[in-house]
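Chemist: One file: protein02.txt (compact mmCIF, C-alpha atoms).
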# COMPACT_ATOMS: atom_id res chain seq x y z
CA MET A 89 92.88 135.13 154.16
CA ASN A 90 94.81 138.36 153.76
CA ASN A 91 91.63 140.18 152.71
CA ILE A 92 89.84 139.07 155.81
CA LEU A 93 92.70 140.26 158.01
CA LEU A 94 92.85 143.55 156.17
CA GLN A 95 89.11 144.10 156.56
CA SER A 96 89.24 143.21 160.24
CA PHE A 97 92.10 145.63 160.78
CA ILE A 98 90.29 148.42 158.94
CA LEU A 99 87.10 147.83 160.95
CA LEU A 100 89.08 147.91 164.20
CA ASN A 101 90.67 151.20 163.22
CA VAL A 102 87.32 152.64 162.26
CA PHE A 103 85.93 151.60 165.63
CA ILE A 104 88.86 153.21 167.46
CA MET A 105 88.55 156.34 165.39
CA GLY A 106 84.82 156.50 166.18
CA ILE A 107 85.57 156.32 169.87
CA LEU A 108 88.15 159.07 169.59
CA VAL A 109 85.86 161.27 167.53
CA SER A 110 83.00 160.84 170.02
CA VAL A 111 85.33 161.80 172.90
CA ALA A 112 86.52 164.83 170.98
CA VAL A 113 82.98 165.90 170.18
CA ARG A 114 81.98 165.54 173.79
CA HIS A 115 84.90 167.63 174.98
CA ALA A 116 84.18 170.25 172.34
CA TYR A 117 80.57 170.43 173.34
CA ALA A 118 81.46 170.76 176.96
CA HIS A 119 83.92 173.48 176.14
CA PHE A 120 81.60 175.62 174.07
CA ARG A 121 78.45 175.10 176.18
CA PRO A 122 79.58 174.76 179.80
CA ARG A 123 77.13 174.23 182.67
CA GLU A 124 79.30 175.94 185.16
CA ASN A 125 77.27 175.83 188.35
CA ASP A 126 76.04 172.32 187.83
CA GLU A 127 79.41 171.08 187.03
CA ILE A 128 81.11 172.79 189.92
CA GLU A 129 78.44 171.84 192.29
CA LYS A 130 78.44 168.25 191.30
CA SER A 131 82.17 167.85 191.23
CA HIS A 132 83.12 170.20 194.05
CA PRO A 133 80.26 170.68 196.42
CA HIS A 134 82.55 172.54 198.89
CA ILE A 135 83.38 175.15 196.19
CA GLN A 136 79.78 176.30 196.14
CA ALA A 137 80.02 177.10 199.69
CA GLN A 138 83.25 178.93 199.19
CA SER A 139 82.18 180.85 196.00
CA ALA A 140 79.57 182.63 197.92
CA HIS A 141 82.31 184.06 199.94
CA LEU A 142 84.84 184.85 197.08
CA PRO A 143 85.06 188.29 195.59
CA PRO A 144 84.07 188.60 191.93
CA ALA A 145 87.60 189.44 190.85
CA VAL A 146 88.92 186.26 192.36
CA LYS A 147 86.08 184.44 190.92
CA GLU A 148 86.81 185.98 187.61
CA ARG A 149 90.51 185.17 187.89
CA LEU A 150 89.82 181.61 188.97
CA LEU A 151 87.40 181.25 186.20
CA GLN A 152 89.92 182.51 183.71
CA ALA A 153 92.62 180.27 185.18
CA SER A 154 90.28 177.34 184.98
CA GLN A 155 89.41 178.20 181.46
CA ALA A 156 93.06 178.49 180.56
CA HIS A 157 93.83 175.26 182.31
CA PHE A 158 90.92 173.59 180.63
CA GLN A 159 91.94 175.08 177.36
CA ALA A 160 95.47 173.79 177.83
CA VAL A 161 94.27 170.39 178.78
CA LEU A 162 91.91 170.42 175.87
CA ASN A 163 94.64 171.55 173.54
CA HIS A 164 96.99 168.98 174.93
CA SER A 165 94.36 166.29 174.48
CA ALA A 166 93.62 167.48 171.01
CA ALA A 167 97.33 167.50 170.21
CA GLU A 168 97.77 164.04 171.65
CA LEU A 169 94.69 162.91 169.80
CA GLN A 170 96.00 164.44 166.66
CA GLN A 171 99.40 162.86 167.27
CA ASP A 172 97.79 159.51 167.94
CA LEU A 173 95.63 159.96 164.93
CA LYS A 174 98.66 160.80 162.86
CA SER A 175 100.60 157.88 164.26
CA THR A 176 97.66 155.59 163.75
CA ALA A 177 97.21 156.88 160.25
CA PHE A 178 100.92 156.53 159.65
CA HIS A 179 100.98 152.99 160.98
CA LEU A 180 97.79 152.28 159.20
CA ASN A 181 99.23 153.56 155.96
CA LYS A 182 102.43 151.70 156.65
CA GLN A 183 100.56 148.48 157.33
CA LEU A 184 98.33 149.07 154.39
CA GLY A 185 101.37 149.73 152.20
CA LYS A 186 103.13 146.70 153.59
CA LEU A 187 100.03 144.61 153.16
CA GLY A 188 99.55 145.98 149.68
CA THR A 189 103.17 145.39 148.90
CA ASP A 190 102.94 141.83 150.24
CA ILE A 191 99.75 141.23 148.36
CA ILE A 192 101.16 142.71 145.22
CA SER A 193 104.37 140.78 145.76
CA ASP A 194 102.46 137.53 146.26
CA GLU A 195 100.24 138.27 143.36
CA MET A 196 103.25 139.15 141.26
CA LYS A 197 104.99 135.96 142.35
CA ARG A 198 101.91 133.97 141.47
CA TYR A 199 101.59 135.90 138.31
CA HIS A 200 105.23 135.28 137.48
CA ALA A 201 104.88 131.64 138.42
CA SER A 202 101.81 131.37 136.25
CA LEU A 203 103.60 133.18 133.51
CA ASP A 204 106.61 130.91 133.87
CA GLN A 205 104.39 127.86 133.84
CA LEU A 206 102.50 129.15 130.87
CA ARG A 207 105.75 130.06 129.16
CA LYS A 208 107.14 126.59 129.84
CA GLN A 209 103.94 124.97 128.66
CA THR A 210 103.99 127.20 125.62
CA GLU A 211 107.63 126.43 124.98
CA THR A 212 106.97 122.71 125.40
CA THR A 213 103.99 122.94 123.13
CA MET A 214 105.97 124.96 120.65
CA LEU A 215 108.84 122.50 120.79
CA ASN A 216 106.46 119.59 120.31
CA ALA A 217 104.73 121.41 117.52
CA GLN A 218 108.04 122.26 115.91
CA ALA A 219 109.19 118.66 116.26
CA GLU A 220 105.94 117.41 114.79
CA ILE A 221 106.16 119.97 112.01
CA ALA A 222 109.76 119.01 111.32
CA LEU A 223 108.83 115.33 111.36
CA HIS A 224 105.87 115.99 109.12
CA GLN A 225 108.01 118.05 106.80
CA THR A 226 110.58 115.27 106.70
CA GLU A 227 107.90 112.70 105.93
CA ILE A 228 106.41 114.94 103.26
CA LYS A 229 109.85 115.52 101.76
CA GLU A 230 110.57 111.79 101.81
CA LYS A 231 107.22 111.04 100.22
CA LEU A 232 107.75 113.76 97.66
CA THR A 233 111.22 112.50 96.87
CA LYS A 234 109.98 108.94 96.65
CA ARG A 235 107.03 109.94 94.50
CA GLN A 236 109.27 112.08 92.31
CA THR A 237 111.67 109.19 91.89
CA GLU A 238 108.81 106.85 91.05
CA LEU A 239 107.38 109.31 88.58
CA GLU A 240 110.76 109.88 86.98
CA THR A 241 111.37 106.14 86.77
CA GLN A 242 107.90 105.55 85.39
CA MET A 243 108.32 108.39 82.92
CA ALA A 244 111.69 107.07 81.82
CA GLU A 245 110.23 103.59 81.39
CA ASP A 246 107.25 104.98 79.47
CA ILE A 247 109.50 107.07 77.27
CA THR A 248 111.75 104.09 76.63
CA ALA A 249 108.78 101.84 75.88
CA GLU A 250 107.26 104.50 73.63
CA LYS A 251 110.57 104.98 71.91
CA GLN A 252 110.99 101.25 71.41
CA MET A 253 107.45 100.97 70.12
CA LEU A 254 108.01 103.82 67.68
CA ILE A 255 111.30 102.32 66.53
CA GLN A 256 109.59 98.96 66.18
CA ASN A 257 106.77 100.51 64.19
CA ILE A 258 109.20 102.38 61.98
CA ASP A 259 111.25 99.22 61.47
CA THR A 260 108.13 97.21 60.69
CA LYS A 261 106.86 99.77 58.21
CA LEU A 262 110.31 100.11 56.69
CA ALA A 263 110.64 96.34 56.39
CA ASP A 264 107.18 96.11 54.88
CA ALA A 265 108.05 98.88 52.48
CA VAL A 266 111.33 97.23 51.45
CA ALA A 267 109.70 93.82 51.15
CA SER A 268 106.85 95.26 49.11
CA PHE A 269 109.30 97.15 46.96
CA LEU A 270 111.35 94.02 46.33
CA THR A 271 108.36 91.83 45.62
CA GLU A 272 106.78 94.42 43.34
CA THR A 273 110.04 95.09 41.56
CA LEU A 274 111.41 91.60 41.19
CA GLN A 275 108.29 89.67 40.25
CA HIS A 276 108.37 91.09 36.74
CA ASN A 277 111.91 89.93 36.10
CA VAL A 278 111.89 86.25 36.92
CA ASP A 279 114.34 84.08 34.97
CA LEU A 280 113.87 80.43 35.80
CA GLY A 281 116.69 79.44 33.47
CA ALA A 282 119.09 81.32 35.67
CA GLN A 283 117.52 79.72 38.74
CA ASN A 284 117.78 76.16 37.44
CA ALA A 285 120.93 75.32 39.33
CA TYR A 286 119.67 77.12 42.36
CA LEU A 287 116.40 75.13 42.30
CA THR A 288 118.26 71.87 42.07
CA SER A 289 120.61 72.82 44.86
CA MET A 290 117.65 73.92 46.96
CA LEU A 291 115.95 70.55 46.41
CA GLU A 292 119.21 68.79 47.16
CA GLU A 293 119.59 70.79 50.35
CA HIS A 294 116.12 69.84 51.56
CA LYS A 295 116.09 66.39 50.11
CA ALA A 296 115.74 64.67 53.47
CA GLU A 297 112.77 66.80 54.42
CA ILE A 298 110.98 66.11 51.15
CA ILE A 299 111.62 62.36 51.36
CA LYS A 300 110.41 62.33 54.94
CA GLY A 301 107.28 64.28 53.98
CA VAL A 302 106.53 61.93 51.09
CA ASN A 303 107.08 58.85 53.25
CA ASP A 304 104.91 60.26 56.02
CA GLU A 305 102.15 61.03 53.57
CA ALA A 306 102.40 57.57 52.07
CA MET B 267 108.43 44.91 34.93
CA LYS B 268 108.90 48.19 36.64
CA LEU B 269 107.56 51.03 34.56
CA ARG B 270 109.72 54.11 34.25
CA LEU B 271 107.82 57.02 32.73
CA PRO B 272 109.72 59.43 30.53
CA ASP B 273 110.62 62.68 32.16
CA SER B 274 108.32 64.51 29.78
CA VAL B 275 105.40 62.74 31.49
CA ALA B 276 105.65 64.46 34.77
CA SER B 277 102.25 65.25 36.15
CA PRO B 278 99.00 63.29 36.59
CA GLN B 279 97.61 65.37 33.74
CA ASP B 280 100.49 64.26 31.53
CA LEU B 281 99.82 60.67 32.56
CA ASN B 282 96.12 61.06 31.74
CA ALA B 283 97.04 62.47 28.35
CA LEU B 284 99.40 59.56 27.83
CA LEU B 285 96.68 57.11 28.78
CA ILE B 286 94.28 58.73 26.35
CA GLU B 287 96.92 58.51 23.68
CA VAL B 288 97.61 54.84 24.44
CA ARG B 289 93.91 54.06 24.39
CA GLN B 290 93.56 55.76 21.04
CA TYR B 291 96.43 53.68 19.82
CA GLN B 292 94.79 50.57 21.30
CA LYS B 293 91.54 51.45 19.57
CA TRP B 294 93.28 51.94 16.27
CA LEU B 295 95.14 48.70 16.76
CA ALA B 296 91.91 46.85 17.51
CA HIS B 297 90.27 48.25 14.38
CA GLU B 298 93.23 47.26 12.26
CA SER B 299 93.22 43.79 13.77
CA ILE B 300 89.55 43.33 12.90
CA LYS B 301 90.16 44.62 9.42
CA LYS B 302 93.00 42.18 9.03
CA GLN B 303 90.78 39.31 10.16
CA VAL B 304 88.06 40.22 7.64
CA ASN B 305 90.59 40.86 4.89
CA VAL B 306 89.89 44.50 4.49
CA LYS B 307 92.56 45.96 2.40
CA HIS B 308 92.16 49.51 3.47
CA ILE B 309 94.45 50.41 6.30
CA SER B 310 93.68 53.59 8.17
CA GLU B 311 96.45 55.90 9.12
CA GLN B 312 98.17 55.24 12.41
CA PRO B 313 97.48 57.90 15.04
CA VAL B 314 100.23 60.34 15.52
CA MET B 315 102.35 59.21 18.43
CA SER B 316 103.99 61.71 20.63
CA SER B 317 107.57 61.42 21.66
CA SER B 318 106.39 60.52 25.12
CA ILE B 319 104.46 57.46 24.01
CA LYS B 320 107.28 56.40 21.77
CA GLU B 321 109.70 56.62 24.65
CA LEU B 322 107.20 54.76 26.82
CA PHE B 323 106.95 51.98 24.31
CA ARG B 324 110.71 51.79 24.18
CA ASN B 325 111.01 51.70 27.92
CA TYR B 326 108.19 49.15 28.24
CA ASP B 327 109.93 46.85 25.81
CA LEU B 328 107.28 47.07 23.12
CA LYS B 329 109.81 47.73 20.44
CA LYS B 330 109.36 44.47 18.56
CA ILE B 331 105.85 43.15 19.23
CA ILE B 332 103.00 45.55 19.83
CA ASP B 333 99.77 43.60 20.06
CA GLN B 334 96.43 44.04 21.75
CA HIS B 335 97.42 42.08 24.76
CA SER B 336 100.59 44.01 25.44
CA ILE B 337 98.76 47.31 24.98
CA GLU B 338 96.07 46.27 27.44
CA SER B 339 98.76 45.25 29.84
CA LEU B 340 100.42 48.64 29.40
CA ILE B 341 97.13 50.46 30.03
CA GLU B 342 96.52 48.42 33.12
CA THR B 343 100.03 49.18 34.34
CA LEU B 344 99.53 52.86 33.67
CA GLU B 345 96.21 52.82 35.56
CA LYS B 346 97.87 51.19 38.54
CA TYR B 347 100.73 53.64 38.24
CA LYS B 348 98.29 56.52 38.23
CA ASN B 349 96.47 55.29 41.32
CA SER B 350 99.50 54.35 43.35
CA ALA B 351 102.24 56.75 42.38
CA PRO B 352 103.09 59.52 44.80
CA SER B 353 102.75 63.02 43.51
CA ILE B 354 104.15 66.36 44.45
CA THR B 355 103.47 69.85 43.22
CA LEU B 356 106.28 72.27 42.49
CA THR B 357 105.34 75.92 42.33
CA LEU B 358 107.80 78.20 40.57
CA ALA B 359 107.95 81.93 39.98
CA ALA B 360 107.29 81.55 36.27
CA THR B 361 106.09 79.00 33.77
CA PRO B 362 108.82 76.36 33.74
CA THR B 363 110.55 75.60 30.48
CA THR B 364 110.91 72.06 29.26
CA THR B 365 114.50 71.98 30.35
CA VAL B 366 113.67 73.13 33.83
CA LYS B 367 110.77 70.69 34.03
CA SER B 368 112.91 67.83 32.83
CA THR B 369 115.69 68.67 35.24
CA LEU B 370 113.36 68.86 38.22
CA VAL B 371 111.39 65.74 37.34
CA SER B 372 114.57 63.80 36.75
CA TRP B 373 115.90 64.91 40.08
CA CYS B 374 112.70 63.96 41.85
CA ARG B 375 112.58 60.49 40.29
CA ASP B 376 116.26 59.90 41.01
CA ASN B 377 116.18 61.13 44.60
CA ILE B 378 112.65 60.87 45.97
CA ALA B 379 110.82 58.04 44.24
CA PRO B 380 111.25 56.62 40.72
CA ASP B 381 107.50 56.60 40.09
CA ILE B 382 106.72 60.03 41.46
CA LEU B 383 104.45 62.38 39.52
CA VAL B 384 105.38 66.02 39.52
CA ALA B 385 102.84 68.76 38.83
CA PHE B 386 104.00 72.28 38.07
CA GLN B 387 102.35 75.56 38.94
CA PHE B 388 103.63 79.10 38.80
CA ASN B 389 103.11 82.18 40.91
CA THR B 390 104.96 85.35 40.00
CA THR B 391 104.76 86.71 43.53
CA LEU B 392 107.22 84.03 44.64
CA LEU B 393 109.97 86.02 42.87
CA GLY B 394 112.11 82.90 42.70
CA GLY B 395 112.92 79.70 44.47
CA ILE B 396 110.48 76.86 44.78
CA VAL B 397 107.49 75.75 46.82
CA VAL B 398 107.11 72.01 47.20
CA ARG B 399 103.74 70.60 48.22
CA HIS B 400 103.06 66.97 48.94
CA GLY B 401 99.69 66.18 50.44
CA SER B 402 99.43 68.34 53.51
CA HIS B 403 103.15 69.14 53.57
CA ILE B 404 104.26 72.46 52.12
CA PHE B 405 107.92 73.41 51.93
CA ASP B 406 108.27 77.04 51.00
CA TRP B 407 111.75 77.93 49.81
CA SER B 408 110.69 80.88 47.70
CA PHE B 409 112.50 84.21 47.54
CA ARG B 410 109.37 85.93 48.80
CA ARG B 411 109.36 83.82 51.93
CA GLN B 412 113.02 84.48 52.50
CA ILE B 413 112.58 88.22 51.98
CA LEU B 414 109.61 88.35 54.34
CA ALA B 415 111.43 86.22 56.88
CA ALA B 416 114.42 88.52 56.75
CA ARG B 417 112.54 91.78 56.66
CA GLU B 418 113.32 92.46 60.32
CA HIS B 419 116.97 92.72 59.34
CA PHE B 420 116.36 95.39 56.70
CA PRO B 421 116.32 98.34 59.17
CA GLU B 422 119.49 97.06 60.79
CA VAL B 423 121.15 96.68 57.40
CA LEU B 424 119.99 100.14 56.39
CA ARG B 425 121.29 101.61 59.64
CA ASN B 426 124.68 100.06 58.96
CA VAL B 427 124.86 101.50 55.48
Can you present the structure in this file as structure tokens?
Modeler:
Amino acid sequence: MNNILLQSFILLNVFIMGILVSVAVRHAYAHFRPRENDEIEKSHPHIQAQSAHLPPAVKERLLQASQAHFQAVLNHSAAELQQDLKSTAFHLNKQLGKLGTDIISDEMKRYHASLDQLRKQTETTMLNAQAEIALHQTEIKEKLTKRQTELETQMAEDITAEKQMLIQNIDTKLADAVASFLTETLQHNVDLGAQNAYLTSMLEEHKAEIIKGVNDEA
Amino acid sequence: MKLRLPDSVASPQDLNALLIEVRQYQKWLAHESIKKQVNVKHISEQPVMSSSIKELFRNYDLKKIIDQHSIESLIETLEKYKNSAPSITLTLAATPTTTVKSTLVSWCRDNIAPDILVAFQFNTTLLGGIVVRHGSHIFDWSFRRQILAAREHFPEVLRNV
């Protein structure tokens, strides 16, 4: 919208300046190539009648006075034109500056608004991302801690089981070794005479079992 | 009458040996009886009788009159005894001496059954104690069994030393 107004204003100024330039050119042309008789005759037909009666000096003086007057008018017009042109240019520059300033201000406002919006969106996104990252880190830490605890527990259980198994194996082998040692050592030194009382007491101790076994078999 | 075997006759093998011995004596007695009937003067020597058969004759009340009939009755009684008597097997860590055998057999006949037959075996790996087997029942009270049963306590005992 502002562009259209600016273009319209510039075109209007160009048009006005064209008119002023054409007027100036016309006056300049008339000044440097005058058609004295035609002009005087057309504009002042009574002067033609009088000029025939004026002496050349008067004519010359009138001509010079007319030229001076014309020159003054022309200068005055040119000065006014120049003043108008300057004023127009000044106003035009002022308007253009104002328009540019407004446009730049609007654009800057929009730009700042966009920047603010983008900054807010970015901040929101960053906050969300940071929250998600923090949450993810917390979850990962919890999982790591849980997994570490599980692994430590499992490792402790495995170590304990392994230790128990090794102790059990050592005990079993030791027991086997002791039992083998005893059986190998003692079987060559059996004295039944010394065991006689023991055998009887053993039978006496298990008398009920033997009687029950014999009766069951019978 | 109820036959009570001497403690020296402990196992079925001993009883078989005793039966053989009694039959030999019966055979000799039959021969001598025939000789006596046909007036044969020659009398053959009496078979050597073991202490077991002598004790059996004493227990069976054959001290005064030993004739063919009583011997046959004794053989028949021994056969019945052999077929009906319960038997157990005692396994020891060494070959049992007579004293040990007698003690164990006497105990068995006093406490388990008066007509029981006791067979003895030995196994040196038992180390000591006794294994009693009767039919499908086995009672293992050997030292080896006790050592093996208690072997789990050895490491604990050694740790406490």
Chemist: Within 9 Å of (104.1, 53.8, 27.5) (coordinates as in the file), grab all the protein and nucleic acid residues, counting only C-alpha atoms, and write them out as a list in words.
Modeler: Leu269, Arg270, Leu271, Pro272, Leu284, Leu285, Val288, Ser318, Ile319, Lys320, Glu321, Leu322, Phe323, Arg324, Asn325, Tyr326, Leu328, Ile337, Leu340, Ile341 and Leu344 of chain B
Chemist: Could you produce a table of the residues of chain A lying within 12 Å of chain B, with the nearest pair of atoms per residue and their separation in Å rounded to one decimal, using all atoms listed in the file, ordered by chain and increasing residue number, as CSV?
Modeler:
residue,atom,partner,partner_atom,distance
A:Ile255,CA,B:Pro421,CA,9.8
A:Gln256,CA,B:Glu418,CA,9.5
A:Asn257,CA,B:Pro421,CA,11.0
A:Ile258,CA,B:Pro421,CA,8.7
A:Asp259,CA,B:Pro421,CA,5.6
A:Thr260,CA,B:Glu418,CA,7.0
A:Lys261,CA,B:Pro421,CA,9.6
A:Leu262,CA,B:Pro421,CA,6.7
A:Ala263,CA,B:Arg417,CA,4.9
A:Asp264,CA,B:Arg417,CA,7.1
A:Ala265,CA,B:Arg417,CA,9.4
A:Val266,CA,B:Phe420,CA,7.5
A:Ala267,CA,B:Leu414,CA,6.3
A:Ser268,CA,B:Leu414,CA,9.1
A:Phe269,CA,B:Ile413,CA,10.8
A:Leu270,CA,B:Ile413,CA,8.2
A:Thr271,CA,B:Thr391,CA,6.6
A:Glu272,CA,B:Thr391,CA,8.0
A:Thr273,CA,B:Leu393,CA,9.2
A:Leu274,CA,B:Leu393,CA,6.0
A:Gln275,CA,B:Leu393,CA,4.8
A:His276,CA,B:Thr390,CA,7.4
A:Asn277,CA,B:Leu393,CA,8.1
A:Val278,CA,B:Leu393,CA,6.3
A:Asp279,CA,B:Ala360,CA,7.6
A:Leu280,CA,B:Ala360,CA,6.7
A:Gly281,CA,B:Val366,CA,7.0
A:Ala282,CA,B:Val366,CA,10.0
A:Gln283,CA,B:Gly395,CA,7.3
A:Asn284,CA,B:Val366,CA,6.3
A:Ala285,CA,B:Val366,CA,9.4
A:Tyr286,CA,B:Gly395,CA,7.5
A:Leu287,CA,B:Gly395,CA,6.1
A:Thr288,CA,B:Leu370,CA,6.9
A:Ser289,CA,B:Gly395,CA,10.3
A:Met290,CA,B:Trp407,CA,7.7
A:Leu291,CA,B:Trp373,CA,8.5
A:Glu292,CA,B:Asn377,CA,8.6
A:Glu293,CA,B:Trp407,CA,10.6
A:His294,CA,B:Phe405,CA,9.0
A:Lys295,CA,B:Asn377,CA,7.6
A:Ala296,CA,B:Ile378,CA,9.0
A:Glu297,CA,B:Phe405,CA,8.6
A:Ile298,CA,B:Ile378,CA,7.6
A:Ile299,CA,B:Ile378,CA,5.7
A:Lys300,CA,B:Ile378,CA,9.4
A:Gly301,CA,B:His403,CA,6.4
A:Val302,CA,B:His400,CA,6.5
A:Asn303,CA,B:Pro352,CA,9.4
A:Asp304,CA,B:His403,CA,9.4
A:Glu305,CA,B:Gly401,CA,6.5
A:Ala306,CA,B:Pro352,CA,7.6
Chemist: At a cut-off of 12 Å, using only C-alpha atoms, what residues contact Glu311 of chain B? Leave out same-chain residues fewer than 2 positions from it and give the result as a list of chain:residue names.
Modeler: B:Tyr291, B:Trp294, B:Leu295, B:His297, B:Glu298, B:His308, B:Ile309, B:Pro313, B:Val314, B:Met315
Chemist: Mind writing the picked residues with C-alpha atoms as an mmCIF file, in the frame of the given file?
Modeler:
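As a result, result.cif now contains:
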data_model
loop_
_atom_site.group_PDB
_atom_site.id
_atom_site.type_symbol
_atom_site.label_atom_id
_atom_site.label_comp_id
_atom_site.auth_asym_id
_atom_site.auth_seq_id
_atom_site.Cartn_x
_atom_site.Cartn_y
_atom_site.Cartn_z
ATOM 1 C CA TYR B 291 96.430 53.680 19.820
ATOM 2 C CA TRP B 294 93.280 51.940 16.270
ATOM 3 C CA LEU B 295 95.140 48.700 16.760
ATOM 4 C CA HIS B 297 90.270 48.250 14.380
ATOM 5 C CA GLU B 298 93.230 47.260 12.260
ATOM 6 C CA HIS B 308 92.160 49.510 3.470
ATOM 7 C CA ILE B 309 94.450 50.410 6.300
ATOM 8 C CA PRO B 313 97.480 57.900 15.040
ATOM 9 C CA VAL B 314 100.230 60.340 15.520
ATOM 10 C CA MET B 315 102.350 59.210 18.430
#
Chemist: Could you work out an axis-aligned box for segment 284-293 of chain B, taking every atom the file lists and adding 8 Å on each side, and report centre and edge lengths in Å to one decimal, as lines of an AutoDock Vina configuration file?
Modeler:
center_x = 95.5
center_y = 55.1
center_z = 24.2
size_x = 23.9
size_y = 25.0
size_z = 25.2
Chemist: Mind giving me the straight-line distance from atom CA of Ala385 of chain B to atom CA of Thr355 of chain B in Å, one decimal?
Modeler: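 Straight-line distance from atom CA of Ala385 of chain B to atom CA of Thr355 of chain B works out to 4.6 Å.
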Chemist: Could you tell me how far atom CA of Asp280 of chain B sits from atom CA of Lys348 of chain B, in Å to one decimal place?
Modeler: 10.5 Å
Chemist: Please, what distance in Å, to one decimal, runs between atom CA of Asn282 of chain B and atom CA of Glu345 of chain B?
Modeler: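 Those two atoms sit 9.1 Å apart.
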Chemist: Taking into account all atoms listed in the file, which residue in the set B:Asp381, B:Thr364, B:Gln303, B:Gln412 is nearest to Asn349 of chain B?
Modeler: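 Using all atoms listed in the file, Asn349 of chain B sits closest to B:Asp381.
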Chemist: Enumerate, as a list of chain:residue names, the protein, DNA and RNA residues whose atoms approach (92.0, 151.5, 161.9) to within 12 Å, taking into account all atoms listed in the file and the coordinate frame of the file.
Modeler: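 Neighbouring residues, ordered by chain and number, come to A:Leu93, A:Leu94, A:Gln95, A:Ser96, A:Phe97, A:Ile98, A:Leu99, A:Leu100, A:Asn101, A:Val102, A:Phe103, A:Ile104, A:Met105, A:Gly106, A:Ile107, A:Leu108, A:Asp172, A:Leu173, A:Lys174, A:Ser175, A:Thr176, A:Ala177, A:Phe178, A:His179, A:Leu180, A:Asn181, A:Lys182, A:Gln183, A:Leu184.
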